[in-house]
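Here's upload-v8.txt, which has compact mmCIF, C-alpha atoms:
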```
# COMPACT_ATOMS: atom_id res chain seq x y z
CA MET A 1 -7.39 68.19 101.31
CA ALA A 2 -4.51 69.59 99.22
CA GLU A 3 -2.11 67.69 101.44
CA ILE A 4 -3.92 64.37 100.87
CA LEU A 5 -3.99 64.95 97.10
CA PHE A 6 -0.31 65.91 97.07
CA TRP A 7 0.86 62.79 98.88
CA THR A 8 -1.49 60.43 97.01
CA ALA A 9 -0.22 61.72 93.65
CA PHE A 10 3.39 61.62 94.86
CA SER A 11 3.00 58.02 96.13
CA CYS A 12 1.47 56.92 92.81
CA ILE A 13 4.36 58.35 90.77
CA VAL A 14 7.01 56.91 93.08
CA TYR A 15 5.29 53.50 93.09
CA VAL A 16 5.09 53.27 89.28
CA TYR A 17 8.74 54.14 88.63
CA ALA A 18 10.53 52.91 91.78
CA GLY A 19 8.19 51.05 94.14
CA TYR A 20 7.02 48.55 91.53
CA PRO A 21 10.56 47.54 90.45
CA LEU A 22 11.47 47.09 94.13
CA LEU A 23 8.35 44.99 94.67
CA LEU A 24 9.32 42.84 91.67
CA MET A 25 12.84 42.35 93.05
CA LEU A 26 11.45 41.07 96.34
CA TRP A 27 8.72 39.00 94.66
CA ARG A 28 11.26 37.37 92.36
CA LYS A 29 13.49 36.47 95.30
CA LEU A 30 10.61 34.71 97.05
CA PHE A 31 8.61 33.15 94.21
CA ARG A 32 10.87 32.65 91.21
CA ARG A 33 9.52 30.27 88.54
CA PRO A 34 12.40 29.23 86.28
CA VAL A 35 11.71 28.18 82.69
CA HIS A 36 13.04 24.73 81.72
CA LYS A 37 14.70 25.66 78.45
CA GLN A 38 15.87 22.86 76.17
CA TYR A 39 17.23 23.25 72.63
CA GLN A 40 15.01 21.54 70.07
CA GLU A 41 14.02 22.00 66.43
CA LEU A 42 10.27 22.42 66.24
CA SER A 43 8.79 23.60 62.95
CA VAL A 44 8.47 27.39 62.89
CA SER A 45 6.42 29.74 60.72
CA LEU A 46 8.00 33.18 60.74
CA VAL A 47 5.31 35.75 59.91
CA ILE A 48 6.25 39.28 58.86
CA ALA A 49 3.54 41.80 58.04
CA MET A 50 4.57 44.57 55.65
CA HIS A 51 3.00 47.59 54.01
CA ASN A 52 5.53 49.88 52.29
CA GLU A 53 8.93 48.38 53.11
CA ARG A 54 10.86 48.82 49.88
CA LYS A 55 13.97 49.98 51.76
CA ASN A 56 13.92 47.08 54.24
CA VAL A 57 12.50 44.10 52.40
CA ARG A 58 15.69 42.72 50.81
CA ALA A 59 17.75 43.00 54.00
CA LYS A 60 14.95 41.46 56.02
CA ILE A 61 14.54 38.40 53.80
CA GLN A 62 18.31 37.90 53.68
CA ASN A 63 18.32 38.18 57.46
CA CYS A 64 15.70 35.37 57.59
CA PHE A 65 17.85 33.18 55.29
CA ASP A 66 20.88 33.76 57.51
CA LEU A 67 19.17 32.51 60.67
CA ASP A 68 20.78 29.55 62.36
CA TYR A 69 17.85 27.15 62.04
CA PRO A 70 17.24 24.20 59.67
CA ALA A 71 15.73 25.54 56.42
CA ASP A 72 13.20 22.69 56.25
CA LYS A 73 11.91 23.65 59.70
CA LEU A 74 11.64 27.38 59.05
CA HIS A 75 8.81 28.65 56.88
CA VAL A 76 8.96 32.37 56.10
CA ILE A 77 5.62 34.04 55.38
CA VAL A 78 5.36 37.68 54.34
CA SER A 79 1.90 39.15 54.52
CA LEU A 80 1.66 42.21 52.29
CA ASP A 81 -0.97 44.78 53.07
CA ALA A 82 -1.54 46.63 49.79
CA PRO A 83 1.97 48.03 49.28
CA SER A 84 2.22 50.97 46.90
CA ASP A 85 6.01 51.41 46.75
CA GLY A 86 6.98 48.24 44.89
CA THR A 87 7.64 46.06 47.95
CA ASP A 88 5.63 43.28 46.29
CA ALA A 89 7.77 43.33 43.12
CA LEU A 90 10.98 43.07 45.16
CA LEU A 91 9.54 40.24 47.21
CA MET A 92 8.60 38.15 44.18
CA GLU A 93 12.32 37.57 43.58
CA TYR A 94 12.29 35.40 46.69
CA ALA A 95 9.12 33.45 45.93
CA GLU A 96 11.14 30.58 44.44
CA GLN A 97 13.41 30.46 47.44
CA GLY A 98 10.70 29.27 49.79
CA VAL A 99 9.23 32.55 50.96
CA ASP A 100 5.44 32.46 50.93
CA VAL A 101 3.80 35.75 50.11
CA VAL A 102 0.24 36.58 51.05
CA TYR A 103 -0.97 39.60 49.13
CA CYS A 104 -3.94 41.73 50.05
CA PRO A 105 -4.81 44.39 47.42
CA VAL A 106 -6.88 46.47 49.85
CA ARG A 107 -5.20 48.09 52.84
CA ARG A 108 -6.66 46.61 55.99
CA GLY A 109 -4.04 47.29 58.65
CA LYS A 110 -1.40 45.24 60.44
CA ALA A 111 -3.78 43.10 62.51
CA GLU A 112 -5.56 41.84 59.38
CA ALA A 113 -2.24 41.28 57.63
CA LEU A 114 -1.10 39.10 60.54
CA ASN A 115 -4.39 37.17 60.43
CA CYS A 116 -3.84 36.48 56.71
CA GLY A 117 -0.27 35.33 57.34
CA LEU A 118 -1.35 33.07 60.20
CA ALA A 119 -4.02 31.49 58.01
CA ILE A 120 -1.33 29.70 55.98
CA ALA A 121 1.09 29.05 58.85
CA ARG A 122 1.70 25.35 59.50
CA GLY A 123 4.56 25.40 62.00
CA GLU A 124 4.09 24.21 65.57
CA ILE A 125 5.48 27.59 66.59
CA VAL A 126 4.60 30.92 65.03
CA MET A 127 7.18 33.65 65.28
CA PHE A 128 6.43 37.31 64.60
CA ALA A 129 8.95 39.88 63.40
CA ASP A 130 8.95 43.38 61.95
CA ALA A 131 10.53 44.42 58.66
CA GLU A 132 12.75 47.10 60.14
CA GLN A 133 14.70 45.23 62.82
CA ARG A 134 17.34 42.57 62.24
CA LEU A 135 17.19 39.23 64.03
CA GLU A 136 20.29 37.76 65.61
CA LYS A 137 21.35 34.45 63.99
CA SER A 138 20.43 32.40 67.03
CA ALA A 139 17.13 34.21 67.69
CA VAL A 140 14.77 31.45 66.49
CA ARG A 141 16.73 28.71 68.26
CA GLU A 142 16.69 30.65 71.54
CA LEU A 143 12.97 31.40 71.36
CA VAL A 144 12.00 27.83 70.44
CA ALA A 145 14.04 26.30 73.28
CA ASN A 146 11.64 27.87 75.78
CA PHE A 147 8.70 25.87 74.41
CA ALA A 148 10.23 22.70 75.89
CA ASP A 149 8.56 23.96 79.06
CA GLU A 150 4.88 23.00 78.71
CA SER A 151 3.72 25.94 80.84
CA VAL A 152 5.10 28.43 78.28
CA GLY A 153 2.66 29.64 75.61
CA ALA A 154 4.48 32.74 74.36
CA VAL A 155 8.07 33.97 74.39
CA SER A 156 9.21 37.51 73.80
CA GLY A 157 12.75 38.24 72.71
CA ALA A 158 14.65 41.43 73.47
CA LEU A 159 14.98 44.40 71.17
CA VAL A 160 18.42 45.96 71.42
CA LEU A 161 18.39 49.62 70.42
CA LEU A 162 21.58 50.83 68.77
CA ASP A 163 22.85 54.39 68.45
CA THR A 164 24.40 55.90 65.33
CA GLN A 165 27.78 54.28 66.18
CA ALA A 166 26.03 50.86 66.37
CA ASN A 167 26.60 50.60 70.14
CA GLU A 168 23.73 49.82 72.47
CA ALA A 169 22.04 53.18 73.10
CA SER A 170 22.57 54.33 76.67
CA ASP A 171 20.94 57.73 76.88
CA GLY A 172 17.36 59.01 76.66
CA VAL A 173 15.22 56.42 74.95
CA GLY A 174 17.99 53.80 75.11
CA LEU A 175 18.21 54.17 78.88
CA TYR A 176 14.45 53.95 79.25
CA TRP A 177 14.40 50.82 77.09
CA ARG A 178 17.06 49.16 79.30
CA TYR A 179 14.93 49.93 82.38
CA GLU A 180 11.92 48.44 80.58
CA LYS A 181 13.82 45.23 79.77
CA LYS A 182 14.90 44.85 83.41
CA LEU A 183 11.24 45.11 84.47
CA ARG A 184 10.22 42.53 81.88
CA ALA A 185 12.92 40.12 82.99
CA MET A 186 11.70 40.30 86.58
CA GLU A 187 8.03 39.96 85.58
CA SER A 188 8.93 36.96 83.46
CA ASP A 189 10.73 35.26 86.34
CA ILE A 190 7.63 35.58 88.51
CA HIS A 191 4.99 34.52 85.95
CA SER A 192 4.55 36.46 82.71
CA VAL A 193 5.25 39.74 80.98
CA PRO A 194 2.22 41.94 80.22
CA GLY A 195 3.22 42.32 76.57
CA ALA A 196 5.87 41.10 74.15
CA THR A 197 8.23 42.96 71.80
CA GLY A 198 6.65 43.25 68.36
CA ALA A 199 10.01 42.89 66.63
CA ILE A 200 10.62 39.41 68.03
CA TYR A 201 8.18 37.09 69.73
CA ALA A 202 6.80 33.59 69.26
CA ILE A 203 3.78 31.59 70.35
CA ARG A 204 2.43 28.06 70.08
CA ARG A 205 0.32 28.14 66.91
CA GLU A 206 -2.67 26.38 68.46
CA LEU A 207 -3.02 29.26 70.95
CA PHE A 208 -3.54 31.92 68.28
CA THR A 209 -7.01 33.32 67.69
CA PRO A 210 -7.51 35.94 64.96
CA LEU A 211 -6.95 39.55 65.97
CA PRO A 212 -9.81 42.05 65.84
CA ALA A 213 -9.43 44.45 62.90
CA GLY A 214 -7.74 47.69 63.94
CA THR A 215 -5.81 46.16 66.84
CA ILE A 216 -2.93 48.52 67.61
CA LEU A 217 -0.88 46.33 69.94
CA ASP A 218 -0.88 42.78 68.61
CA ASP A 219 2.25 42.17 70.69
CA VAL A 220 0.30 42.84 73.89
CA LEU A 221 -3.06 41.36 72.93
CA VAL A 222 -1.69 38.01 71.72
CA PRO A 223 0.40 37.24 74.84
CA MET A 224 -2.29 38.53 77.21
CA ARG A 225 -4.87 36.20 75.64
CA ILE A 226 -2.40 33.36 76.20
CA VAL A 227 -1.87 34.34 79.84
CA LEU A 228 -5.63 34.50 80.44
CA GLY A 229 -5.82 31.03 78.87
CA GLY A 230 -3.55 29.65 81.59
CA LYS A 231 -0.10 29.60 79.95
CA ARG A 232 2.90 31.80 80.62
CA ALA A 233 4.22 34.57 78.37
CA ILE A 234 7.89 34.88 79.19
CA PHE A 235 10.78 37.14 78.23
CA ASP A 236 14.06 35.65 77.01
CA PRO A 237 16.80 38.28 76.61
CA SER A 238 19.08 35.80 74.84
CA ALA A 239 16.83 35.95 71.75
CA ARG A 240 17.68 39.32 70.29
CA ALA A 241 16.64 41.66 67.50
CA TYR A 242 18.49 44.87 66.69
CA GLY A 243 17.04 48.22 65.76
CA PHE A 244 18.10 51.84 65.79
CA VAL A 245 17.04 54.28 68.44
CA THR A 246 14.86 57.21 67.33
CA GLN A 247 16.92 60.33 66.69
CA THR A 248 14.68 62.97 68.24
CA PRO A 249 12.34 63.03 71.27
CA ASP A 250 9.46 64.06 69.00
CA LEU A 251 9.73 60.86 66.95
CA GLU A 252 9.79 58.80 70.13
CA TYR A 253 6.73 60.72 71.32
CA GLU A 254 4.79 59.62 68.23
CA LYS A 255 5.70 55.97 68.92
CA LYS A 256 4.79 56.32 72.58
CA LYS A 257 1.45 57.92 71.73
CA ARG A 258 0.57 54.99 69.50
CA THR A 259 1.55 52.46 72.16
CA LEU A 260 -0.43 54.18 74.87
CA THR A 261 -3.51 54.58 72.68
CA GLY A 262 -3.15 50.84 72.16
CA ASN A 263 -3.22 50.33 75.92
CA TYR A 264 -6.55 52.16 76.19
CA GLN A 265 -7.86 50.02 73.33
CA LEU A 266 -6.63 46.88 75.10
CA PHE A 267 -8.41 47.70 78.36
CA ALA A 268 -11.61 48.62 76.51
CA GLU A 269 -11.64 45.40 74.48
CA MET A 270 -10.45 43.07 77.23
CA PRO A 271 -12.01 44.37 80.47
CA GLU A 272 -11.39 40.96 82.06
CA LEU A 273 -7.74 42.01 82.31
CA LEU A 274 -8.77 44.32 85.11
CA VAL A 275 -10.49 41.55 87.10
CA PRO A 276 -7.94 40.21 89.63
CA TRP A 277 -9.37 36.66 89.78
CA HIS A 278 -9.36 36.31 85.97
CA ASN A 279 -5.93 37.74 85.31
CA PRO A 280 -3.01 35.90 86.94
CA ILE A 281 -0.74 38.91 86.35
CA PHE A 282 -3.23 41.54 87.48
CA VAL A 283 -0.72 43.33 89.74
CA GLN A 284 1.92 43.43 87.00
CA LEU A 285 -0.51 44.70 84.37
CA VAL A 286 -1.97 47.41 86.59
CA SER A 287 1.44 48.53 87.88
CA HIS A 288 3.22 48.42 84.53
CA LYS A 289 0.60 49.38 81.95
CA LEU A 290 -2.21 51.16 83.81
CA GLY A 291 0.27 52.96 86.08
CA ARG A 292 1.94 54.63 83.10
CA LEU A 293 -1.44 55.91 81.93
CA ILE A 294 -2.21 57.42 85.33
CA VAL A 295 1.13 59.13 86.05
CA PRO A 296 0.49 62.29 83.90
CA TYR A 297 -2.68 63.06 85.82
CA CYS A 298 -0.81 62.50 89.08
CA LEU A 299 1.80 65.02 87.92
CA VAL A 300 -0.92 67.62 87.32
CA ILE A 301 -2.50 66.91 90.72
CA LEU A 302 0.92 67.12 92.38
CA PHE A 303 1.58 70.54 90.87
CA VAL A 304 -1.88 72.02 91.49
CA ALA A 305 -2.04 70.69 95.07
CA ASN A 306 1.41 72.15 95.67
CA LEU A 307 0.13 75.63 94.73
CA PHE A 308 -2.09 75.49 97.82
CA LEU A 309 0.74 74.26 100.05
CA LEU A 310 3.42 76.89 100.37
CA ASN A 311 5.03 76.32 103.75
CA GLY A 312 8.24 74.50 104.68
CA LEU A 313 8.97 71.38 102.64
CA TYR A 314 6.14 72.12 100.22
CA ARG A 315 7.74 75.43 99.21
CA ILE A 316 10.91 73.55 98.20
CA ALA A 317 8.81 70.99 96.31
CA LEU A 318 7.09 73.77 94.38
CA VAL A 319 10.37 75.47 93.49
CA LEU A 320 11.76 72.15 92.24
CA GLN A 321 8.64 71.48 90.17
CA VAL A 322 8.68 74.95 88.62
CA MET A 323 12.39 74.59 87.79
CA TRP A 324 11.77 71.17 86.24
CA TYR A 325 9.02 72.47 83.95
CA LEU A 326 11.04 75.55 83.02
CA MET A 327 13.90 73.24 82.02
CA ALA A 328 11.41 71.25 79.96
CA CYS A 329 10.52 74.47 78.13
CA VAL A 330 14.22 75.08 77.44
CA GLY A 331 14.49 71.50 76.15
CA TRP A 332 11.54 72.10 73.84
CA TRP A 333 13.16 75.30 72.55
CA VAL A 334 16.45 73.47 71.91
CA THR A 335 14.74 70.71 69.91
CA GLN A 336 12.83 73.29 67.87
CA ARG A 337 16.15 74.88 66.91
CA GLY A 338 17.30 71.48 65.63
CA GLU A 339 20.26 71.21 68.05
CA VAL A 340 19.39 67.59 68.90
CA SER A 341 19.85 66.09 65.47
CA ARG A 342 23.07 68.08 64.95
CA ALA A 343 24.72 66.94 68.24
CA MET B 1 30.74 68.29 76.67
CA LYS B 2 28.05 69.77 74.45
CA ARG B 3 26.39 66.36 74.13
CA THR B 4 26.33 65.84 77.91
CA LEU B 5 24.86 69.30 78.48
CA LEU B 6 22.25 68.62 75.84
CA LYS B 7 21.29 65.34 77.50
CA VAL B 8 20.79 67.13 80.84
CA ILE B 9 18.74 69.89 79.24
CA LEU B 10 16.61 67.41 77.33
CA LEU B 11 15.81 65.14 80.28
CA PRO B 12 12.89 67.22 81.71
CA TYR B 13 11.56 67.81 78.18
CA ILE B 14 11.61 64.09 77.35
CA PHE B 15 9.94 63.34 80.70
CA VAL B 16 7.15 65.84 80.05
CA LEU B 17 6.75 64.72 76.43
CA MET B 18 6.54 61.04 77.37
CA ASN B 19 3.98 61.88 80.04
CA TRP B 20 1.96 63.94 77.61
CA ALA B 21 1.71 60.88 75.34
CA PRO B 22 -0.88 59.05 77.51
CA VAL B 23 -3.05 62.19 77.56
CA ALA B 24 -2.84 62.51 73.77
CA GLY B 25 -3.39 58.76 73.52
CA LEU B 26 -6.62 59.02 75.51
CA TYR B 27 -7.78 61.85 73.25
CA TYR B 28 -7.07 59.83 70.10
CA PHE B 29 -8.69 56.74 71.57
CA ALA B 30 -11.82 58.66 72.66
CA ARG B 31 -12.11 60.24 69.21
CA GLY B 32 -11.78 56.80 67.62
CA ARG B 33 -8.78 57.84 65.54
CA SER B 34 -6.70 54.95 64.31
CA LEU B 35 -3.02 55.00 65.21
CA GLY B 36 -2.01 51.61 63.84
CA ILE B 37 1.53 51.17 62.49
CA TRP B 38 -0.15 51.58 59.18
CA SER B 39 -3.84 52.19 59.22
CA PRO B 40 -6.60 50.78 57.07
CA VAL B 41 -7.88 53.10 54.36
CA PRO B 42 -10.96 54.91 55.68
CA VAL B 43 -14.10 53.57 54.01
CA ARG B 44 -16.05 56.22 52.12
CA HIS B 45 -19.79 55.84 51.90
CA THR B 46 -21.21 57.34 48.72
```

What would the structure in this file look like if it were written as C-alpha cells?
Amino acid sequence: MAEILFWTAFSCIVYVYAGYPLLLMLWRKLFRRPVHKQYQELSVSLVIAMHNERKNVRAKIQNCFDLDYPADKLHVIVSLDAPSDGTDALLMEYAEQGVDVVYCPVRRGKAEALNCGLAIARGEIVMFADAEQRLEKSAVRELVANFADESVGAVSGALVLLDTQANEASDGVGLYWRYEKKLRAMESDIHSVPGATGAIYAIRRELFTPLPAGTILDDVLVPMRIVLGGKRAIFDPSARAYGFVTQTPDLEYEKKKRTLTGNYQLFAEMPELLVPWHNPIFVQLVSHKLGRLIVPYCLVILFVANLFLLNGLYRIALVLQVMWYLMACVGWWVTQRGEVSRA
Amino acid sequence: MKRTLLKVILLPYIFVLMNWAPVAGLYYFARGRSLGIWSPVPVRHT
C-alpha cells in the first residue's frame, strides 16, 4: 500500500512539473495552430482599475500617452474604487487630456471596478492593465494584431519581471516566471492558455460579461469564459509589460496564496471547466492549474509513505527528502534574519 | 559568491513556501476570506 501511494504521489509531482511540459512539446509539434496576426488599428478601450495608487498613477497615465497607437483610437478609462490616498485628485489633472475616470465612492473590489470601467468602454477591443506595471510602446499594436484572426477572442501579453538592476530576473521567482511563460507559449500554440496576465491582456468587447463581485482572478475568469464560448485565448510574448520582481520569498508567497485561492474560487464558480466535453482545454487546465493545487498533498503523501519504506532505494529517497526539508528550515532561518533583502 | 550560496540555500525554502500556498489558499477559500488585490469593505449589519 505504502509503495502504491509513494509512486502515485511521485508520478503526480513529476507529471505536473516535467511530464506536462514534455507532453506540450510533443502536442505542439503534432497539432500546432498558428495565429494569423495582421497589424491593424481597431479602436481600443484601455481599462485600468485602481484603488490607492498615488505613487503609480502619474507614471501609468504618462505610459498610456506614450503608447505607439493613434490617440483617436485609444480610449483610456481609469476606474477608481474609493481611493483614500488622493489618487483621484492626481487623476483629475488628466481628465482634460482624454482620460475618462469612473469614480466609485464605496469600495467594492477590483472585479466591480472593472465592471464599471467596461460599462463606458466603446472600443472594439478592450485592453486591461494594472497600475503598477509599465507597458512597452508597441504593446497595444502587438495585442490588437492578433484579433485579425477571427478565432481569437482574447490575447494575453507577457509580463517581464526585472531585478533591481533592471535586467530580466533570472533567479527564484524570475526563473519560475520564465518557466511559466514557456508553458503558456506552448499552450497557446495548441489552442489556448488557461489564464491571461492581469498586467496586460485584451479581449473583443462583445465577449465580455460582467464579473461576479469578489472575483479574485479576473485574468483567468475572463479568458476561460471566452474559451468555453468557442474562441481562443492566446499568448503573445511580443506584447510586453514590465514589472519588478518581489524582493523576498515571503512577499511572493502572499501573491501566490491569493492566486491559488482564486483558482479554488474559479473551480467552485465554473464547475463546467472540469467537464472534458465542455472545456476544449480540459487537459491544459487540469495539468496546469489543478495540478499545482494537488502537488502539496502529493509531497506529504510521498514523505509519509516513505517512512514506511526503508529498504534500498527508498532509504536514499527518505534521506534526500529529510535533507531537502532541513535545508528549507535553514532557508527560513536565513530569511528571518533578513539576509535576503541585504544580499 | 554569497549571493549564489544564498540562492542555493533558499531554493528548498521557496519550494516549500510555494507549495504551502495552495494549502493556505484552500483554508482561506473554505473560510470565505476575501483575498482580492484590494478587497471590498466588509458590510456591517447594525

Would you tabulate, counting only C-alpha atoms, all residues of chain A that have an atom at most 6 Å from an atom of chain B, showing the closest pair of atoms and their distance in Å to one decimal, sorted by chain then ascending number, as a Markdown table?
```
| residue | atom | partner | partner_atom | distance |
| --- | --- | --- | --- | --- |
| A:Arg107 | CA | B:Pro40 | CA | 5.2 |
| A:Arg108 | CA | B:Pro40 | CA | 4.3 |
| A:Gly109 | CA | B:Pro40 | CA | 4.6 |
| A:Ile216 | CA | B:Gly36 | CA | 5.0 |
| A:Lys257 | CA | B:Ala21 | CA | 4.7 |
| A:Arg258 | CA | B:Leu35 | CA | 5.6 |
| A:Leu260 | CA | B:Pro22 | CA | 5.6 |
| A:Thr261 | CA | B:Gly25 | CA | 4.3 |
| A:Leu293 | CA | B:Pro22 | CA | 5.5 |
| A:Pro296 | CA | B:Asn19 | CA | 5.2 |
| A:Ala328 | CA | B:Tyr13 | CA | 3.9 |
| A:Gly331 | CA | B:Leu10 | CA | 4.8 |
```

*For Leu74 of chain A, list every protein, DNA or RNA residue within 8 Å, evaluated using all atoms listed in the file, and leave out those in the same chain fewer than 2 positions away; present the list as a VMD selection string.*
chain A and resid 43 to 46 69 to 72 76 123

*asked:* Please list as a list of chain:residue names every residue within 12 Å of Leu307 of chain A, counting only C-alpha atoms and excluding residues in the same chain fewer than 2 positions away.
replied: A:Ala2, A:Glu3, A:Leu5, A:Phe6, A:Val300, A:Ile301, A:Leu302, A:Phe303, A:Val304, A:Ala305, A:Leu309, A:Leu310, A:Asn311, A:Tyr314, A:Arg315, A:Ile316, A:Ala317, A:Leu318, A:Val319, A:Gln321, A:Val322

*Hey, can you check how far atom CA of Tyr20 of chain A sits from atom CA of Val283 of chain A?*
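Going from atom CA of Tyr20 of chain A over to atom CA of Val283 of chain A, I get 9.5 Å.
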
_Å distance separating atom CA of Pro21 of chain A from atom CA of Gln284 of chain A, one decimal place_ =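 Result for atom CA of Pro21 of chain A versus atom CA of Gln284 of chain A: 10.2 Å, one decimal.
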
*asked:* Could you check the closest approach to Leu30 of chain A for each of A:Met186, A:Leu274, A:Val140, A:Val334 and tell me which residue wins, using all atoms listed in the file?
replied: A:Met186

*asked:* Excluding Ala131 of chain A and its own-chain neighbours fewer than 2 positions away, which residues fall within 9 Å of it when counting only C-alpha atoms? Please give them as number ranges by chain.
replied: A: 48-50, 53, 56-57, 59-61, 129, 133-134, 199

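As for atom CA of Leu162 of chain A and atom CA of Tyr242 of chain A, they are spaced 7.0 Å apart.
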
Just need the box for segment 8-27 of chain B, edges along x, y and z, holding every atom the file lists for it with 6 Å tacked onto each side, so centre and edge lengths in Å to one decimal, as lines of an AutoDock Vina configuration file.
```
center_x = 6.5
center_y = 64.3
center_z = 77.5
size_x = 40.6
size_y = 23.1
size_z = 20.5
```

*Do you know which residues are at most 7 Å from segment 90-103 of chain A counting all atoms listed in the file, after dropping those on the same chain fewer than 6 positions away, and could you put them as a ChimeraX atom specification?*
/A:76-81,116-117
